[in-house]
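The data block below is structure31.txt; it holds compact mmCIF, C-alpha atoms (C1' of nucleotides).
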```txt
# COMPACT_ATOMS: atom_id res chain seq x y z
CA MET T 10 77.65 81.72 87.78
CA ASN T 11 79.44 79.92 90.60
CA ARG T 12 78.01 81.26 93.81
CA THR T 13 80.72 79.76 95.97
CA ILE T 14 83.54 81.58 94.23
CA VAL T 15 81.61 84.82 94.28
CA ASP T 16 80.80 84.37 97.94
CA ASN T 17 84.44 83.70 98.74
CA GLN T 18 85.50 86.86 97.01
CA GLN T 19 82.80 88.71 98.93
CA ASP T 20 84.12 87.29 102.18
CA ARG T 21 87.66 88.44 101.34
CA LEU T 22 86.39 91.96 100.69
CA GLN T 23 84.39 92.03 103.90
CA GLU T 24 87.41 90.85 105.81
CA LYS T 25 89.60 93.61 104.45
CA LEU T 26 86.89 96.20 105.01
CA GLN T 27 86.60 95.20 108.66
CA LYS T 28 90.32 95.65 108.98
CA ILE T 29 90.23 99.08 107.39
CA LEU T 30 87.14 100.39 109.07
CA GLY T 31 87.99 98.88 112.44
CA THR T 32 85.92 96.71 114.70
CA SER T 33 83.63 99.58 115.54
CA GLY T 34 82.69 99.87 111.90
CA ARG T 35 83.49 103.55 112.06
CA VAL T 36 86.47 105.55 110.95
CA SER T 37 86.92 108.32 113.45
CA GLY T 38 88.75 111.56 112.87
CA GLY T 39 91.93 110.46 114.64
CA CYS T 40 91.93 107.12 112.84
CA PRO T 41 95.18 106.34 111.02
CA THR T 42 93.41 105.22 107.87
CA ARG T 43 91.66 108.56 107.56
CA ASN T 44 94.85 110.38 108.31
CA ILE T 45 96.85 108.61 105.60
CA LEU T 46 94.10 108.73 103.01
CA ASP T 47 93.69 112.46 103.53
CA ARG T 48 97.32 112.94 102.56
CA PHE T 49 96.64 111.65 99.08
CA SER T 50 93.50 113.61 98.54
CA ASP T 51 95.48 116.60 97.41
CA LYS T 52 95.88 117.48 93.78
CA TRP T 53 99.46 116.45 93.06
CA SER T 54 100.68 113.67 95.37
CA ILE T 55 99.46 110.69 93.36
CA LEU T 56 100.65 112.23 90.11
CA SER T 57 104.10 112.88 91.58
CA ILE T 58 104.31 109.28 92.72
CA PHE T 59 103.34 108.05 89.26
CA HIS T 60 105.99 110.09 87.53
CA LEU T 61 108.74 109.30 90.02
CA GLY T 62 107.84 105.64 89.74
CA ASN T 63 107.98 105.88 85.99
CA ALA T 64 111.23 107.81 85.70
CA GLY T 65 113.11 106.47 88.72
CA THR T 66 115.00 109.64 89.59
CA LEU T 67 114.02 113.16 88.64
CA ARG T 68 115.28 116.64 89.28
CA PHE T 69 112.84 119.28 90.41
CA ASN T 70 112.26 120.94 87.06
CA GLU T 71 112.22 117.65 85.19
CA LEU T 72 109.34 116.53 87.37
CA LYS T 73 107.65 119.89 87.04
CA LYS T 74 107.72 119.65 83.25
CA ARG T 75 106.04 116.25 83.36
CA ILE T 76 103.24 117.25 85.66
CA ASP T 77 101.16 119.50 83.50
CA GLY T 78 99.80 122.56 85.28
CA VAL T 79 101.52 122.22 88.62
CA SER T 80 102.94 125.44 90.03
CA GLN T 81 106.41 125.64 91.48
CA ARG T 82 105.00 126.33 94.88
CA MET T 83 102.65 123.37 94.94
CA LEU T 84 105.24 120.95 93.64
CA THR T 85 107.57 122.04 96.42
CA VAL T 86 104.87 121.62 99.06
CA THR T 87 103.83 118.25 97.66
CA LEU T 88 107.36 116.88 97.54
CA ARG T 89 108.09 118.09 101.06
CA ASN T 90 105.00 116.30 102.38
CA LEU T 91 105.92 113.12 100.56
CA GLU T 92 109.42 113.38 101.96
CA ARG T 93 108.04 113.94 105.44
CA ASP T 94 105.96 110.79 105.14
CA GLY T 95 109.00 108.82 104.07
CA LEU T 96 107.65 108.11 100.61
CA VAL T 97 110.15 110.16 98.62
CA SER T 98 113.85 110.78 99.16
CA ARG T 99 115.38 114.16 98.45
CA ARG T 100 119.08 114.41 97.66
CA VAL T 101 120.73 117.80 97.41
CA TYR T 102 124.01 118.16 95.52
CA PRO T 103 125.93 121.19 96.75
CA GLU T 104 126.82 122.45 93.31
CA ILE T 105 126.29 125.69 91.45
CA PRO T 106 123.76 125.74 90.00
CA PRO T 107 122.17 123.48 92.62
CA ARG T 108 120.89 120.05 91.74
CA VAL T 109 118.21 118.22 93.70
CA GLU T 110 117.12 114.71 92.89
CA TYR T 111 113.92 113.06 93.97
CA GLU T 112 113.24 109.35 94.08
CA LEU T 113 110.69 106.99 95.57
CA THR T 114 111.76 105.25 98.75
CA GLU T 115 111.00 101.60 99.34
CA LEU T 116 107.87 102.64 101.19
CA GLY T 117 107.00 104.89 98.27
CA TYR T 118 107.29 101.97 95.87
CA SER T 119 105.00 99.84 97.99
CA LEU T 120 102.41 102.58 97.70
CA LEU T 121 103.05 102.96 93.99
CA VAL T 122 101.93 99.38 93.43
CA GLN T 123 98.56 100.19 95.00
CA VAL T 124 97.90 103.49 93.28
CA ILE T 125 98.93 102.08 89.92
CA ASP T 126 96.01 99.68 90.11
CA LEU T 127 93.76 102.58 90.96
CA GLY T 128 95.13 104.56 88.05
CA GLU T 129 94.67 101.62 85.73
CA TRP T 130 91.06 101.29 86.89
CA ALA T 131 90.52 104.97 86.15
CA THR T 132 91.96 104.61 82.67
CA ASP T 133 89.92 101.50 81.93
CA HIS T 134 86.63 102.91 83.20
CA SER T 135 86.84 106.55 82.24
CA ASP T 136 84.49 106.03 79.29
CA GLN T 137 81.87 104.39 81.47
CA ILE T 138 82.07 107.22 83.95
CA MET T 139 81.92 109.95 81.33
CA ASN T 140 78.87 108.29 79.81
CA ALA T 141 77.20 107.98 83.18
CA ARG T 142 77.81 111.66 83.80
CA GLN T 143 76.29 112.64 80.48
CA ARG T 144 73.24 110.47 81.04
CA TYR T 145 72.81 111.94 84.51
CA ASP T 146 73.12 115.50 83.26
CA MET T 147 70.54 114.88 80.54
CA ARG T 148 67.81 114.40 83.09
CA GLU T 149 66.54 117.17 85.31
CA HIS T 150 68.00 117.45 88.75
CA SER T 151 67.73 119.66 91.76
CA PRO T 152 69.17 123.18 91.44
CA MET T 153 71.81 122.47 94.07
CA LEU T 154 73.72 120.35 91.61
CA VAL T 155 73.44 122.56 88.60
CA ASN T 156 76.21 124.72 89.97
CA MET Z 6 117.47 88.21 95.65
CA ASN Z 7 116.35 86.99 92.26
CA ARG Z 8 116.99 89.83 89.86
CA THR Z 9 114.87 88.29 87.12
CA ILE Z 10 111.69 88.20 89.14
CA VAL Z 11 112.29 91.69 90.42
CA ASP Z 12 112.95 92.94 86.92
CA ASN Z 13 109.79 91.31 85.64
CA GLN Z 14 107.74 93.01 88.32
CA GLN Z 15 109.44 96.26 87.40
CA ASP Z 16 108.51 95.77 83.78
CA ARG Z 17 104.87 95.16 84.69
CA LEU Z 18 104.79 98.39 86.68
CA GLN Z 19 106.42 100.34 83.87
CA GLU Z 20 103.90 98.93 81.45
CA LYS Z 21 100.96 100.00 83.55
CA LEU Z 22 102.49 103.41 84.18
CA GLN Z 23 102.87 103.99 80.45
CA LYS Z 24 99.23 103.12 80.04
CA ILE Z 25 98.15 105.51 82.78
CA LEU Z 26 100.44 108.39 81.94
CA GLY Z 27 99.95 108.03 78.20
CA THR Z 28 102.51 107.75 75.44
CA SER Z 29 103.55 111.35 75.87
CA GLY Z 30 104.57 110.64 79.44
CA ARG Z 31 102.44 113.53 80.55
CA VAL Z 32 99.01 113.71 82.11
CA SER Z 33 97.42 116.84 80.77
CA GLY Z 34 94.55 118.71 82.34
CA GLY Z 35 91.92 117.26 80.04
CA CYS Z 36 93.24 113.73 80.51
CA PRO Z 37 90.63 111.21 81.69
CA THR Z 38 92.92 109.76 84.33
CA ARG Z 39 93.36 113.15 85.95
CA ASN Z 40 89.67 113.79 85.70
CA ILE Z 41 88.66 110.57 87.44
CA LEU Z 42 91.35 110.72 90.07
CA ASP Z 43 90.34 114.25 90.98
CA ARG Z 44 86.88 112.97 91.83
CA PHE Z 45 88.28 110.86 94.63
CA SER Z 46 90.47 113.54 96.06
CA ASP Z 47 87.58 114.92 98.03
CA LYS Z 48 87.17 114.22 101.69
CA TRP Z 49 84.31 111.72 101.74
CA SER Z 50 84.01 109.74 98.49
CA ILE Z 51 86.36 106.92 99.35
CA LEU Z 52 84.95 106.60 102.84
CA SER Z 53 81.40 106.41 101.47
CA ILE Z 54 82.44 103.66 99.08
CA PHE Z 55 84.05 101.72 101.91
CA HIS Z 56 80.95 101.85 104.08
CA LEU Z 57 78.53 101.07 101.29
CA GLY Z 58 80.71 98.16 100.26
CA ASN Z 59 80.77 96.95 103.83
CA ALA Z 60 77.06 97.30 104.57
CA GLY Z 61 75.60 96.58 101.13
CA THR Z 62 72.63 98.91 101.37
CA LEU Z 63 72.31 101.93 103.60
CA ARG Z 64 69.82 104.69 104.17
CA PHE Z 65 71.04 108.27 104.27
CA ASN Z 66 71.22 108.65 108.03
CA GLU Z 67 72.60 105.18 108.57
CA LEU Z 68 75.50 106.07 106.35
CA LYS Z 69 75.88 109.44 108.01
CA LYS Z 70 76.17 107.81 111.42
CA ARG Z 71 78.95 105.56 110.20
CA ILE Z 72 81.04 108.29 108.62
CA ASP Z 73 82.29 110.19 111.59
CA GLY Z 74 82.31 113.95 111.18
CA VAL Z 75 80.60 114.26 107.83
CA SER Z 76 78.00 117.01 107.60
CA GLN Z 77 74.59 116.43 106.07
CA ARG Z 78 75.39 118.79 103.26
CA MET Z 79 78.67 117.15 102.29
CA LEU Z 80 77.25 113.65 102.44
CA THR Z 81 74.49 114.73 100.08
CA VAL Z 82 76.93 116.33 97.69
CA THR Z 83 79.25 113.33 97.83
CA LEU Z 84 76.48 110.82 97.17
CA ARG Z 85 75.12 112.88 94.27
CA ASN Z 86 78.52 112.97 92.64
CA LEU Z 87 78.97 109.25 93.10
CA GLU Z 88 75.51 108.69 91.65
CA ARG Z 89 76.34 110.94 88.73
CA ASP Z 90 79.46 108.92 88.00
CA GLY Z 91 77.43 105.70 88.04
CA LEU Z 92 79.20 104.35 91.11
CA VAL Z 93 76.27 104.46 93.51
CA SER Z 94 72.59 103.82 92.98
CA ARG Z 95 69.96 105.89 94.76
CA ARG Z 96 66.51 104.47 95.31
CA VAL Z 97 63.76 106.66 96.69
CA TYR Z 98 60.73 105.05 98.33
CA PRO Z 99 57.73 107.39 98.15
CA GLU Z 100 56.70 106.87 101.73
CA ILE Z 101 56.12 109.14 104.68
CA PRO Z 102 58.56 109.61 106.23
CA PRO Z 103 60.68 109.24 103.10
CA ARG Z 104 63.20 106.45 102.75
CA VAL Z 105 66.22 106.61 100.46
CA GLU Z 106 68.57 103.69 100.00
CA TYR Z 107 72.08 103.84 98.63
CA GLU Z 108 74.03 100.96 97.21
CA LEU Z 109 77.16 100.42 95.15
CA THR Z 110 76.56 99.70 91.48
CA GLU Z 111 78.56 97.05 89.66
CA LEU Z 112 80.94 99.78 88.55
CA GLY Z 113 81.14 100.95 92.13
CA TYR Z 114 82.12 97.48 93.29
CA SER Z 115 84.86 97.26 90.70
CA LEU Z 116 86.27 100.45 92.16
CA LEU Z 117 85.83 99.19 95.71
CA VAL Z 118 88.23 96.34 94.99
CA GLN Z 119 90.94 98.85 94.06
CA VAL Z 120 90.45 101.27 96.92
CA ILE Z 121 90.26 98.47 99.45
CA ASP Z 122 93.84 97.56 98.61
CA LEU Z 123 94.80 101.18 99.03
CA GLY Z 124 93.00 101.30 102.37
CA GLU Z 125 94.70 98.12 103.47
CA TRP Z 126 98.05 99.60 102.54
CA ALA Z 127 97.25 102.67 104.61
CA THR Z 128 96.30 100.56 107.60
CA ASP Z 129 99.40 98.38 107.30
CA HIS Z 130 101.84 101.25 106.88
CA SER Z 131 100.38 103.95 109.09
CA ASP Z 132 102.94 103.28 111.80
CA GLN Z 133 105.84 103.64 109.38
CA ILE Z 134 104.42 106.89 108.09
CA MET Z 135 103.76 108.33 111.53
CA ASN Z 136 107.30 107.48 112.54
CA ALA Z 137 108.71 109.06 109.41
CA ARG Z 138 106.76 112.21 110.18
CA GLN Z 139 108.04 112.39 113.72
CA ARG Z 140 111.62 111.87 112.60
CA TYR Z 141 111.22 114.56 109.98
CA ASP Z 142 109.72 117.03 112.40
CA MET Z 143 112.53 116.47 114.90
CA ARG Z 144 115.06 118.00 112.55
CA GLU Z 145 115.07 121.64 111.61
CA HIS Z 146 113.33 122.59 108.45
CA SER Z 147 112.50 125.67 106.49
CA PRO Z 148 109.86 128.00 108.00
CA MET Z 149 107.57 127.37 105.07
CA LEU Z 150 106.69 123.95 106.43
CA VAL Z 151 106.33 124.86 110.05
CA ASN Z 152 102.88 126.17 109.31
C1' DC K 17 63.69 111.32 107.29
C1' DA K 18 66.16 113.22 103.78
C1' DG K 19 66.95 116.59 101.91
C1' DC K 20 67.60 122.07 100.10
C1' DA K 21 68.98 127.11 100.87
C1' DT K 22 71.89 130.37 102.80
C1' DC K 23 75.62 132.38 104.99
C1' DC K 24 80.46 132.24 105.72
C1' DG K 25 85.31 130.98 107.34
C1' DC K 26 89.23 128.67 106.03
C1' DT K 27 92.64 127.00 103.28
C1' DA K 28 94.31 124.71 99.12
C1' DG K 29 96.47 126.41 95.67
C1' DG K 30 97.68 129.98 91.74
C1' DA K 31 100.51 134.33 90.30
C1' DT K 32 104.26 136.99 91.00
C1' DA K 33 108.64 138.64 92.67
C1' DC K 34 112.91 137.72 94.80
C1' DT K 35 117.41 134.76 96.33
C1' DG K 36 121.54 131.47 97.36
C1' DC U 1 118.31 125.63 89.27
C1' DA U 2 115.59 125.13 93.00
C1' DG U 3 113.68 127.03 95.76
C1' DT U 4 111.32 131.21 99.47
C1' DA U 5 108.17 134.83 100.62
C1' DT U 6 104.00 137.28 99.94
C1' DC U 7 99.69 138.22 98.25
C1' DC U 8 95.23 136.83 96.81
C1' DT U 9 91.06 134.21 95.45
C1' DA U 10 87.86 130.27 94.21
C1' DG U 11 85.52 126.97 96.23
C1' DC U 12 85.46 123.19 99.73
C1' DG U 13 83.06 122.28 103.39
C1' DG U 14 80.91 123.46 108.21
C1' DA U 15 76.77 125.55 110.87
C1' DT U 16 72.22 126.67 110.93
C1' DG U 17 67.44 126.92 109.64
C1' DC U 18 63.58 125.44 106.83
C1' DT U 19 60.49 121.92 104.04
C1' DG U 20 57.76 117.90 101.76
```
This entry written out as structure tokens:
Amino acid sequence: MNRTIVDNQQDRLQEKLQKILGTSGRVSGGCPTRNILDRFSDKWSILSIFHLGNAGTLRFNELKKRIDGVSQRMLTVTLRNLERDGLVSRRVYPEIPPRVEYELTELGYSLLVQVIDLGEWATDHSDQIMNARQRYDMREHSPMLVN
Amino acid sequence: MNRTIVDNQQDRLQEKLQKILGTSGRVSGGCPTRNILDRFSDKWSILSIFHLGNAGTLRFNELKKRIDGVSQRMLTVTLRNLERDGLVSRRVYPEIPPRVEYELTELGYSLLVQVIDLGEWATDHSDQIMNARQRYDMREHSPMLVN
DNA sequence: CAGCATCCGCTAGGATACTG
DNA sequence: CAGTATCCTAGCGGATGCTG
């Protein structure tokens, strides 16, 4: 194994981590990184971005049909938050019955590229993770985690 | 703008999205992608991975000091889940006082690479997002979102 | 030091009913 | 069709106290 190449990759990672975590090496509560990341730790944001990225433009109920299990309420809340953050555009057509079309903005697309890689990683490694979970659960562990 | 290059990039994205979302174009509840992604939608997992990736090896309280605001309980729960998924290794030294060291596994590092890019994106675009939020909040919106 | 155990508030998020 | 409005609950996650 070529140590130099590995070390270079390591250095690149460290560099990026410094940038993310800040010079203090801590990510405080008011920190922008934390703030943004928290936005995507809800149940439906990432999924919405995937589907909008895949379909291009979708009406409300079209999107709802594609995201299995999402309630009307939560899809509305999710889309409003994404719109607020400038990641999704919402176009209302004043017709009867009403038509509303959602689409990723340019900023939304730039995020899509990142989360796609994360999604791909999840797909590629899901077997490994499931196996690890099974192996872990085989052994005894403290009661706290049984629940 | 070169349409061909753009189109090629588009095709790559579409390809990956198909892979993630599955042939049906839907991500059902039992889907592995959903399952994995849900694991990182908690408050502290990503942050723990960042800090472990940055420091290499950390004891429990060292890590706790670096993650601002995390409670002892939640750090324990988070680390156990990461250990269960095979992303973090936990080594206990039978000393008094006890010493426990946490470190990313190889699998954990492969994930780190992905989330670093996401973190970098968040850092780079936080201003844009904050501005979008302010602009959105300036205008009137439905009462539902005022809360 | 590195944790469990317990209590407990808050809120994300589901179910349902109603509307422009 | 695309939402609101309201009600309600599971469980995330904080505070505190105790242990090997």
Give me, as a PyMOL selection string, the residues of chain Z touching chain K, with the criterion being at most 10 Å (counting all atoms listed in the file). chain Z and resi 64-66+77-78+81+97+100-105
All residues 8 Å or closer to Arg138 in chain Z, only C-alpha atoms (C1' of nucleotides), same chain fewer than 3 positions away omitted, as a list in words: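 What passes the distance filter is Arg93, Asp94 and Gly95 of chain T; Ile134, Met135, Tyr141 and Asp142 of chain Z.
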Test item: chain U residues at most 9 Å from chain T, counting all atoms listed in the file, as an MDAnalysis selection string: chainID U and resid 1:3
Would you export the selected residues with C-alpha atoms (C1' of nucleotides) as a PDB file, keeping the file's coordinate frame, please?
```
ATOM      1  C1'  DC U   1     118.310 125.630  89.270  1.00  0.00           C
ATOM      2  C1'  DA U   2     115.590 125.130  93.000  1.00  0.00           C
ATOM      3  C1'  DG U   3     113.680 127.030  95.760  1.00  0.00           C
TER       4       DG U   3
END
```
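When CA of Asn59 in chain Z is paired with CA of Glu108 in chain Z, their separation reads 10.3 Å.
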Counting all atoms listed in the file, a student should be able to say which residues of chain T come within 8 Å of chain Z; what is the right answer, written as a tab-separated table (two decimals) with C-alpha atoms, keeping the file's coordinate frame?
```
chain	number	residue	atom	x	y	z
T	22	LEU	CA	86.39	91.96	100.69
T	23	GLN	CA	84.39	92.03	103.90
T	25	LYS	CA	89.60	93.61	104.45
T	26	LEU	CA	86.89	96.20	105.01
T	27	GLN	CA	86.60	95.20	108.66
T	28	LYS	CA	90.32	95.65	108.98
T	29	ILE	CA	90.23	99.08	107.39
T	30	LEU	CA	87.14	100.39	109.07
T	34	GLY	CA	82.69	99.87	111.90
T	35	ARG	CA	83.49	103.55	112.06
T	36	VAL	CA	86.47	105.55	110.95
T	37	SER	CA	86.92	108.32	113.45
T	38	GLY	CA	88.75	111.56	112.87
T	41	PRO	CA	95.18	106.34	111.02
T	42	THR	CA	93.41	105.22	107.87
T	45	ILE	CA	96.85	108.61	105.60
T	46	LEU	CA	94.10	108.73	103.01
T	47	ASP	CA	93.69	112.46	103.53
T	49	PHE	CA	96.64	111.65	99.08
T	50	SER	CA	93.50	113.61	98.54
T	51	ASP	CA	95.48	116.60	97.41
T	52	LYS	CA	95.88	117.48	93.78
T	59	PHE	CA	103.34	108.05	89.26
T	63	ASN	CA	107.98	105.88	85.99
T	75	ARG	CA	106.04	116.25	83.36
T	76	ILE	CA	103.24	117.25	85.66
T	77	ASP	CA	101.16	119.50	83.50
T	78	GLY	CA	99.80	122.56	85.28
T	86	VAL	CA	104.87	121.62	99.06
T	93	ARG	CA	108.04	113.94	105.44
T	94	ASP	CA	105.96	110.79	105.14
T	95	GLY	CA	109.00	108.82	104.07
T	120	LEU	CA	102.41	102.58	97.70
T	122	VAL	CA	101.93	99.38	93.43
T	123	GLN	CA	98.56	100.19	95.00
T	124	VAL	CA	97.90	103.49	93.28
T	125	ILE	CA	98.93	102.08	89.92
T	126	ASP	CA	96.01	99.68	90.11
T	127	LEU	CA	93.76	102.58	90.96
T	128	GLY	CA	95.13	104.56	88.05
T	129	GLU	CA	94.67	101.62	85.73
T	130	TRP	CA	91.06	101.29	86.89
T	131	ALA	CA	90.52	104.97	86.15
T	132	THR	CA	91.96	104.61	82.67
T	135	SER	CA	86.84	106.55	82.24
T	138	ILE	CA	82.07	107.22	83.95
T	139	MET	CA	81.92	109.95	81.33
T	141	ALA	CA	77.20	107.98	83.18
T	142	ARG	CA	77.81	111.66	83.80
T	145	TYR	CA	72.81	111.94	84.51
T	146	ASP	CA	73.12	115.50	83.26
T	154	LEU	CA	73.72	120.35	91.61
```
In Å, how far is it from CA of Ser98 in chain T to C1' of DA5 in chain U?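 These two atoms are separated by 24.8 Å.
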I'd like the interatomic distance between CA of Leu68 in chain Z and CA of Thr110 in chain Z, to a tenth of an Å. 16.2 Å
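Near Glu110 in chain T, within 6 Å and counting all atoms listed in the file, sit T:Leu67, T:Arg68, T:Arg99, T:Arg100, not including residues fewer than 5 positions from it in the same chain.
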